[in-house]
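The next block is query_9.txt, given as compact mmCIF, C-alpha atoms.
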```txt
# COMPACT_ATOMS: atom_id res chain seq x y z
CA MET A 1 121.64 109.16 53.49
CA GLU A 2 122.18 110.55 56.96
CA ALA A 3 120.68 113.87 55.93
CA GLU A 4 117.56 112.14 54.58
CA ALA A 5 117.23 110.10 57.76
CA ASP A 6 117.56 113.21 59.89
CA ALA A 7 114.95 114.95 57.79
CA GLY A 8 112.48 112.09 58.28
CA ARG A 9 112.75 112.14 62.03
CA LEU A 10 110.03 113.81 64.10
CA PRO A 11 111.13 116.76 66.18
CA VAL A 12 111.64 115.92 69.85
CA GLU A 13 110.18 118.36 72.31
CA LYS A 14 112.66 119.29 74.98
CA THR A 15 111.35 119.52 78.52
CA GLY A 16 113.18 121.36 81.22
CA PRO A 17 113.42 120.46 84.91
CA ARG A 18 110.55 122.78 85.80
CA THR A 19 108.20 121.10 83.30
CA THR A 20 109.16 117.67 84.58
CA MET A 21 108.47 118.71 88.18
CA LEU A 22 105.04 120.03 87.22
CA GLN A 23 104.21 116.84 85.34
CA ASN A 24 105.22 114.74 88.34
CA ALA A 25 103.22 116.91 90.71
CA PHE A 26 100.02 116.66 88.67
CA SER A 27 100.35 112.98 87.80
CA GLY A 28 101.25 111.51 91.19
CA ARG A 29 99.06 109.58 93.61
CA PRO A 30 98.56 112.50 96.05
CA MET A 31 97.22 114.66 93.24
CA ARG A 32 94.82 111.97 92.06
CA ALA A 33 93.64 111.45 95.63
CA ALA A 34 93.09 115.20 96.05
CA VAL A 35 91.09 115.35 92.82
CA GLY A 36 88.93 112.41 93.89
CA LEU A 37 88.17 113.92 97.30
CA THR A 38 87.47 117.34 95.80
CA ALA A 39 85.04 115.82 93.30
CA PHE A 40 83.30 113.86 96.06
CA PHE A 41 82.75 116.93 98.25
CA ALA A 42 81.72 119.05 95.25
CA ILE A 43 79.03 116.54 94.29
CA TRP A 44 77.89 116.37 97.90
CA GLN A 45 77.66 120.17 98.10
CA ALA A 46 75.71 120.32 94.84
CA ILE A 47 73.22 117.68 95.99
CA THR A 48 72.40 119.64 99.13
CA GLN A 49 72.65 123.06 97.46
CA PHE A 50 70.03 122.24 94.80
CA GLY A 51 67.65 120.55 97.25
CA LEU A 52 67.99 117.01 95.92
CA VAL A 53 68.38 115.90 99.56
CA ASP A 54 66.93 117.50 102.67
CA GLY A 55 69.67 119.69 104.13
CA PHE A 56 68.55 118.84 107.67
CA LEU A 57 69.00 115.10 107.16
CA LEU A 58 72.24 115.47 105.18
CA PRO A 59 74.03 118.75 105.91
CA SER A 60 76.28 120.22 103.26
CA PRO A 61 80.08 120.05 103.56
CA PHE A 62 80.10 123.78 104.28
CA ALA A 63 77.70 123.33 107.22
CA ILE A 64 79.77 120.41 108.52
CA ALA A 65 82.95 122.50 108.27
CA GLN A 66 81.22 125.20 110.32
CA ALA A 67 80.20 122.62 112.94
CA LEU A 68 83.74 121.24 113.12
CA TRP A 69 85.15 124.73 113.46
CA GLN A 70 82.71 125.58 116.26
CA MET A 71 83.53 122.38 118.18
CA ALA A 72 87.23 123.01 117.67
CA ILE A 73 86.87 126.53 119.05
CA ASP A 74 84.96 125.48 122.18
CA GLY A 75 87.33 122.52 122.74
CA SER A 76 84.74 119.74 122.74
CA LEU A 77 86.13 118.19 119.55
CA TRP A 78 89.61 117.81 121.04
CA VAL A 79 88.28 116.32 124.27
CA HIS A 80 86.30 113.61 122.48
CA LEU A 81 89.01 113.00 119.89
CA GLY A 82 91.68 112.64 122.57
CA ALA A 83 89.56 110.15 124.51
CA SER A 84 88.99 108.01 121.41
CA LEU A 85 92.66 108.05 120.42
CA GLN A 86 93.74 107.08 123.92
CA ARG A 87 91.37 104.11 123.99
CA VAL A 88 92.35 102.83 120.57
CA ALA A 89 96.05 103.25 121.38
CA VAL A 90 95.84 101.22 124.58
CA GLY A 91 93.65 98.50 123.10
CA PHE A 92 95.75 98.26 119.94
CA LEU A 93 98.98 98.04 121.94
CA LEU A 94 97.57 95.17 124.04
CA ALA A 95 96.35 93.44 120.87
CA CYS A 96 99.80 93.73 119.28
CA ILE A 97 101.52 92.25 122.33
CA VAL A 98 99.14 89.30 122.64
CA GLY A 99 98.61 88.73 118.91
CA LEU A 100 102.30 88.84 118.01
CA ALA A 101 103.26 86.56 120.90
CA LEU A 102 100.56 83.97 120.19
CA GLY A 103 101.15 84.10 116.44
CA LEU A 104 104.88 83.56 116.92
CA LEU A 105 104.39 80.67 119.33
CA CYS A 106 101.73 78.95 117.21
CA GLY A 107 103.65 79.49 114.00
CA TRP A 108 106.94 78.19 115.36
CA TRP A 109 105.69 75.25 117.45
CA ARG A 110 102.97 73.10 115.93
CA THR A 111 102.15 71.55 119.32
CA VAL A 112 101.28 74.97 120.74
CA SER A 113 99.20 75.68 117.63
CA ASP A 114 97.21 72.47 118.14
CA TYR A 115 96.16 73.70 121.59
CA VAL A 116 95.69 77.42 120.97
CA ARG A 117 94.33 77.79 117.42
CA PRO A 118 91.01 75.97 118.04
CA VAL A 119 90.23 78.39 120.86
CA ILE A 120 91.12 81.41 118.73
CA GLU A 121 89.17 80.16 115.73
CA ALA A 122 86.12 79.61 117.97
CA LEU A 123 86.29 83.16 119.37
CA ARG A 124 87.27 84.97 116.17
CA PRO A 125 83.85 84.83 114.40
CA ILE A 126 82.11 86.51 117.35
CA PRO A 127 81.70 90.20 116.40
CA PRO A 128 82.79 92.81 118.96
CA LEU A 129 79.20 94.11 119.12
CA ALA A 130 78.11 90.80 120.62
CA TRP A 131 80.61 91.31 123.45
CA ILE A 132 79.21 94.69 124.52
CA PRO A 133 76.58 93.46 127.04
CA ILE A 134 78.95 91.17 128.90
CA THR A 135 81.74 93.75 128.64
CA ILE A 136 79.57 96.29 130.45
CA LEU A 137 78.87 93.71 133.16
CA TRP A 138 82.57 92.99 133.55
CA PHE A 139 84.07 96.49 133.28
CA GLY A 140 81.16 98.92 133.63
CA LEU A 141 80.82 102.17 131.67
CA GLY A 142 84.36 103.43 131.35
CA ASP A 143 87.65 103.22 129.55
CA ALA A 144 88.30 99.60 130.49
CA ALA A 145 85.31 98.41 128.45
CA SER A 146 86.55 100.32 125.39
CA TYR A 147 90.07 98.94 125.84
CA PHE A 148 88.69 95.42 125.91
CA LEU A 149 86.51 95.85 122.80
CA VAL A 150 89.36 97.41 120.82
CA PHE A 151 91.58 94.54 121.95
CA LEU A 152 89.03 91.98 120.76
CA GLY A 153 88.67 93.63 117.39
CA ALA A 154 92.40 94.04 116.74
CA VAL A 155 93.99 90.93 118.26
CA PHE A 156 92.69 88.43 115.71
CA PRO A 157 94.04 90.19 112.57
CA VAL A 158 97.41 90.56 114.31
CA PHE A 159 97.45 86.88 115.26
CA ILE A 160 96.43 85.68 111.78
CA ALA A 161 99.05 87.84 110.07
CA THR A 162 101.83 86.76 112.44
CA TYR A 163 100.90 83.09 112.31
CA THR A 164 100.72 83.15 108.50
CA ALA A 165 104.06 84.93 108.25
CA ILE A 166 105.86 82.49 110.54
CA ARG A 167 104.35 79.40 108.92
CA GLY A 168 105.24 80.70 105.46
CA LEU A 169 108.94 81.24 106.17
CA ASP A 170 111.39 79.65 103.76
CA ARG A 171 113.16 76.99 105.79
CA ASN A 172 116.07 77.08 103.36
CA GLN A 173 116.89 80.61 104.50
CA MET A 174 116.99 79.53 108.13
CA ASN A 175 119.05 76.44 107.33
CA ALA A 176 121.49 78.57 105.36
CA ALA A 177 121.84 80.97 108.30
CA LEU A 178 122.47 78.07 110.67
CA CYS A 179 125.10 76.64 108.33
CA LEU A 180 126.84 80.02 108.35
CA GLY A 181 127.04 79.88 112.15
CA ALA A 182 124.09 82.10 113.10
CA LYS A 183 123.14 82.05 116.77
CA PRO A 184 119.50 81.54 117.79
CA TRP A 185 119.03 85.24 118.52
CA GLN A 186 120.63 86.13 115.18
CA LEU A 187 118.27 83.74 113.45
CA PHE A 188 115.38 85.58 115.10
CA THR A 189 116.57 89.14 114.43
CA ASP A 190 118.24 88.72 111.02
CA VAL A 191 116.05 86.11 109.32
CA LEU A 192 112.71 85.57 111.03
CA ILE A 193 111.71 89.19 111.66
CA PRO A 194 112.76 90.69 108.27
CA ALA A 195 111.13 87.83 106.36
CA SER A 196 107.88 88.16 108.35
CA LEU A 197 107.41 91.94 108.21
CA PRO A 198 105.89 92.09 104.67
CA ILE A 199 102.95 90.04 106.00
CA ILE A 200 102.80 91.27 109.61
CA LEU A 201 102.75 95.01 108.88
CA PRO A 202 99.67 94.91 106.61
CA GLY A 203 98.00 92.84 109.33
CA LEU A 204 98.78 95.54 111.87
CA ARG A 205 97.29 98.16 109.55
CA ILE A 206 94.10 96.14 109.18
CA ALA A 207 93.97 95.55 112.94
CA LEU A 208 94.27 99.29 113.66
CA GLY A 209 91.38 100.03 111.31
CA VAL A 210 89.22 97.39 112.99
CA GLY A 211 90.20 98.70 116.42
CA TRP A 212 89.26 102.25 115.39
CA MET A 213 85.81 101.07 114.31
CA CYS A 214 85.40 99.10 117.54
CA VAL A 215 86.27 102.02 119.81
CA VAL A 216 83.67 104.24 118.12
CA THR A 217 81.08 101.46 118.40
CA ALA A 218 81.90 101.00 122.08
CA GLU A 219 81.59 104.74 122.74
CA LEU A 220 78.09 104.75 121.27
CA ILE A 221 76.96 102.54 124.14
CA ALA A 222 79.52 102.17 126.92
CA ALA A 223 81.32 105.51 127.34
CA GLN A 224 80.82 109.06 128.54
CA THR A 225 83.35 110.66 126.20
CA GLY A 226 84.73 110.02 122.73
CA LEU A 227 83.62 110.57 119.14
CA GLY A 228 81.02 107.81 119.36
CA TYR A 229 79.54 109.43 122.47
CA LEU A 230 79.56 112.80 120.68
CA ILE A 231 77.58 111.32 117.79
CA GLN A 232 75.08 109.66 120.11
CA GLN A 233 74.49 112.80 122.18
CA SER A 234 74.16 114.96 119.08
CA ARG A 235 71.60 112.55 117.66
CA MET A 236 69.49 112.77 120.81
CA LEU A 237 69.61 116.58 120.60
CA PHE A 238 68.84 116.57 116.83
CA GLN A 239 72.17 118.26 116.10
CA ILE A 240 72.59 116.56 112.76
CA ASN A 241 75.48 118.82 111.76
CA ASN A 242 77.48 117.57 114.75
CA VAL A 243 76.51 113.96 114.00
CA VAL A 244 77.89 114.12 110.47
CA ALA A 245 80.86 116.19 111.65
CA GLY A 246 81.74 113.43 114.09
CA MET A 247 81.45 110.86 111.31
CA VAL A 248 83.70 112.93 109.04
CA THR A 249 86.26 113.23 111.85
CA ILE A 250 86.21 109.46 112.33
CA GLY A 251 86.81 108.93 108.62
CA LEU A 252 89.62 111.47 108.39
CA ILE A 253 91.43 110.13 111.46
CA GLY A 254 91.08 106.56 110.21
CA PHE A 255 92.43 107.61 106.80
CA ALA A 256 95.37 109.39 108.44
CA MET A 257 96.25 106.40 110.65
CA SER A 258 96.13 104.02 107.69
CA ALA A 259 98.27 106.37 105.58
CA ILE A 260 100.88 106.69 108.33
CA LEU A 261 101.13 102.93 108.81
CA GLU A 262 101.28 102.39 105.05
CA ARG A 263 104.13 104.91 104.85
CA ILE A 264 106.00 103.06 107.61
CA GLU A 265 105.28 99.76 105.89
CA ARG A 266 106.74 100.99 102.61
CA ARG A 267 109.83 102.34 104.35
CA VAL A 268 110.48 99.18 106.37
CA ASN A 269 109.70 96.81 103.48
CA ALA A 270 111.53 98.82 100.82
CA TRP A 271 113.57 95.73 99.95
CA ALA A 272 110.49 93.59 99.23
CA PRO A 273 109.61 92.98 95.53
CA SER A 274 106.05 94.26 96.10
CA GLU A 275 107.39 97.69 97.16
CA ARG A 276 109.96 98.23 94.42
CA SER A 277 107.45 99.71 92.02
```

Hey, can you dump this file as structure tokens for me?
Amino acid sequence: MEAEADAGRLPVEKTGPRTTMLQNAFSGRPMRAAVGLTAFFAIWQAITQFGLVDGFLLPSPFAIAQALWQMAIDGSLWVHLGASLQRVAVGFLLACIVGLALGLLCGWWRTVSDYVRPVIEALRPIPPLAWIPITILWFGLGDAASYFLVFLGAVFPVFIATYTAIRGLDRNQMNAALCLGAKPWQLFTDVLIPASLPIILPGLRIALGVGWMCVVTAELIAAQTGLGYLIQQSRMLFQINNVVAGMVTIGLIGFAMSAILERIERRVNAWAPSERS
């Protein structure tokens, strides 16, 4: 009987460690992302190569790579990129400080929320573009105007995420910690912060993306350096390659910032059920 059963079984293909590593490498998320990006740029190159789109209005990826390389060699790319990163860093840091503080206060004390939230909800629908004229009047054409616009774009997502996280805390966890003799500072560091991070960190990632868009928008109008200024000047000089190269740089930097924050988020929230898979 055992011999007949063994004869009816299908042969099992044995895979060694090297085969398993190759399968993991070609089936993972980075590989799929690389394939998607490669296909996108290949289609773009084909569209311009075969004349389906005017190459002057939409340069090919090869022409854009040449423009990026030329700007990297002469140093102009790094000057404008550094200015944009500095502005978004300062504005985002200010937004985190204010948004986290207000979200914590409003989420913990309902009385404070009754006073503060109506003001925030009245200001939140106003797009940062609508603030540009009055921002120029207040701060002039300089870094301060960009800091302010990035702050306006990023502070509201940070506040909403923090407020939602604090209001959604399980009171049973806090009561259990108090029953076990937790001090107020221990309640804050060991219960409130860990339980809030799965909601706050995605809010920070969204806020950084909004701030990055705002700084480029501000530089189109109210700055003398930065990637937005580079795009605007190149447009006026009909340097379409540099225009699209600046746009590609904006997209790549935004993608990198989001990926870095998502990596940090996964590492910090490794205990959360949503990250276990």

Contact residues around Gly246 in chain A with all atoms listed in the file at 12 Å, ignoring same-chain residues under 2 positions, as a PDB file with C-alpha atoms, in the frame of the given file:
```pdb
ATOM      1  CA  ILE A  64      79.770 120.410 108.520  1.00  0.00           C
ATOM      2  CA  ALA A  65      82.950 122.500 108.270  1.00  0.00           C
ATOM      3  CA  ALA A  67      80.200 122.620 112.940  1.00  0.00           C
ATOM      4  CA  LEU A  68      83.740 121.240 113.120  1.00  0.00           C
ATOM      5  CA  TRP A  69      85.150 124.730 113.460  1.00  0.00           C
ATOM      6  CA  MET A  71      83.530 122.380 118.180  1.00  0.00           C
ATOM      7  CA  ALA A  72      87.230 123.010 117.670  1.00  0.00           C
ATOM      8  CA  SER A  76      84.740 119.740 122.740  1.00  0.00           C
ATOM      9  CA  LEU A  77      86.130 118.190 119.550  1.00  0.00           C
ATOM     10  CA  TRP A  78      89.610 117.810 121.040  1.00  0.00           C
ATOM     11  CA  HIS A  80      86.300 113.610 122.480  1.00  0.00           C
ATOM     12  CA  LEU A  81      89.010 113.000 119.890  1.00  0.00           C
ATOM     13  CA  SER A  84      88.990 108.010 121.410  1.00  0.00           C
ATOM     14  CA  VAL A 216      83.670 104.240 118.120  1.00  0.00           C
ATOM     15  CA  LEU A 220      78.090 104.750 121.270  1.00  0.00           C
ATOM     16  CA  GLY A 226      84.730 110.020 122.730  1.00  0.00           C
ATOM     17  CA  LEU A 227      83.620 110.570 119.140  1.00  0.00           C
ATOM     18  CA  GLY A 228      81.020 107.810 119.360  1.00  0.00           C
ATOM     19  CA  TYR A 229      79.540 109.430 122.470  1.00  0.00           C
ATOM     20  CA  LEU A 230      79.560 112.800 120.680  1.00  0.00           C
ATOM     21  CA  ILE A 231      77.580 111.320 117.790  1.00  0.00           C
ATOM     22  CA  GLN A 232      75.080 109.660 120.110  1.00  0.00           C
ATOM     23  CA  GLN A 233      74.490 112.800 122.180  1.00  0.00           C
ATOM     24  CA  SER A 234      74.160 114.960 119.080  1.00  0.00           C
ATOM     25  CA  ARG A 235      71.600 112.550 117.660  1.00  0.00           C
ATOM     26  CA  GLN A 239      72.170 118.260 116.100  1.00  0.00           C
ATOM     27  CA  ILE A 240      72.590 116.560 112.760  1.00  0.00           C
ATOM     28  CA  ASN A 241      75.480 118.820 111.760  1.00  0.00           C
ATOM     29  CA  ASN A 242      77.480 117.570 114.750  1.00  0.00           C
ATOM     30  CA  VAL A 243      76.510 113.960 114.000  1.00  0.00           C
ATOM     31  CA  VAL A 244      77.890 114.120 110.470  1.00  0.00           C
ATOM     32  CA  VAL A 248      83.700 112.930 109.040  1.00  0.00           C
ATOM     33  CA  THR A 249      86.260 113.230 111.850  1.00  0.00           C
ATOM     34  CA  ILE A 250      86.210 109.460 112.330  1.00  0.00           C
ATOM     35  CA  GLY A 251      86.810 108.930 108.620  1.00  0.00           C
ATOM     36  CA  LEU A 252      89.620 111.470 108.390  1.00  0.00           C
ATOM     37  CA  ILE A 253      91.430 110.130 111.460  1.00  0.00           C
TER      38      ILE A 253
END
```

Extract, using all atoms listed in the file, all DNA, RNA and protein residues at most 8 Å from range 122-139 of chain A, discarding same-chain residues fewer than 3 positions from it, and format them as number ranges by chain.
A: 118-119, 142, 144-145, 148-149, 152-153, 156, 214, 217-218, 222

Which of these, A:Ile160, A:Ile97, A:Ile73, A:Ile264, has the shortest distance to Ser113 in chain A once you count only C-alpha atoms?
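Answer, going by the shortest atom-to-atom distance: A:Ile160.
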
Rounded to one decimal place, report the CA of Gln45 in chain A-CA of Gln66 in chain A distance in Å.
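Value for the CA of Gln45 in chain A-CA of Gln66 in chain A distance: 13.7 Å.
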
Would you kindly return, as a VMD selection string, each protein, DNA or RNA residue with an atom no farther than 10 Å from any atom of Gly168 in chain A, considering all atoms listed in the file and excluding same-chain residues fewer than 6 positions away?
chain A and resid 107 162 195 to 196 199

Residue nearest Leu192 in chain A - candidates A:Ala34, A:Ile166, A:Ala259, A:Met247, atoms counted: only C-alpha atoms
A:Ile166

Need the shell around Gly99 in chain A: protein/DNA/RNA residues with any atom at most 7 Å away, counting all atoms listed in the file. Skip same-chain ones fewer than 3 positions apart. Format as a PyMOL selection string?
chain A and resi 95-96+102-103+155-156+158-159

As an exercise, work out the distance from CA of Val116 in chain A to CA of Ala154 in chain A in Å and give it to one decimal place.
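Separating CA of Val116 in chain A from CA of Ala154 in chain A is a distance of 17.5 Å.
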
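Between CA of Leu169 in chain A and CA of Leu197 in chain A there is a distance of 11.0 Å.
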
Taking all listed atoms of range 115-133 of chain A, build the axis-aligned box, pad each of the six sides by 6 Å, then write its centre and edge lengths in Å to one decimal as lines of an AutoDock Vina configuration file.
```
center_x = 86.4
center_y = 84.2
center_z = 120.7
size_x = 31.6
size_y = 33.0
size_z = 24.6
```

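Proximity ranking of A:Ser60, A:Gln86, A:Gln49, A:Ser258 relative to Val210 in chain A places A:Ser258 first, based on only C-alpha atoms.
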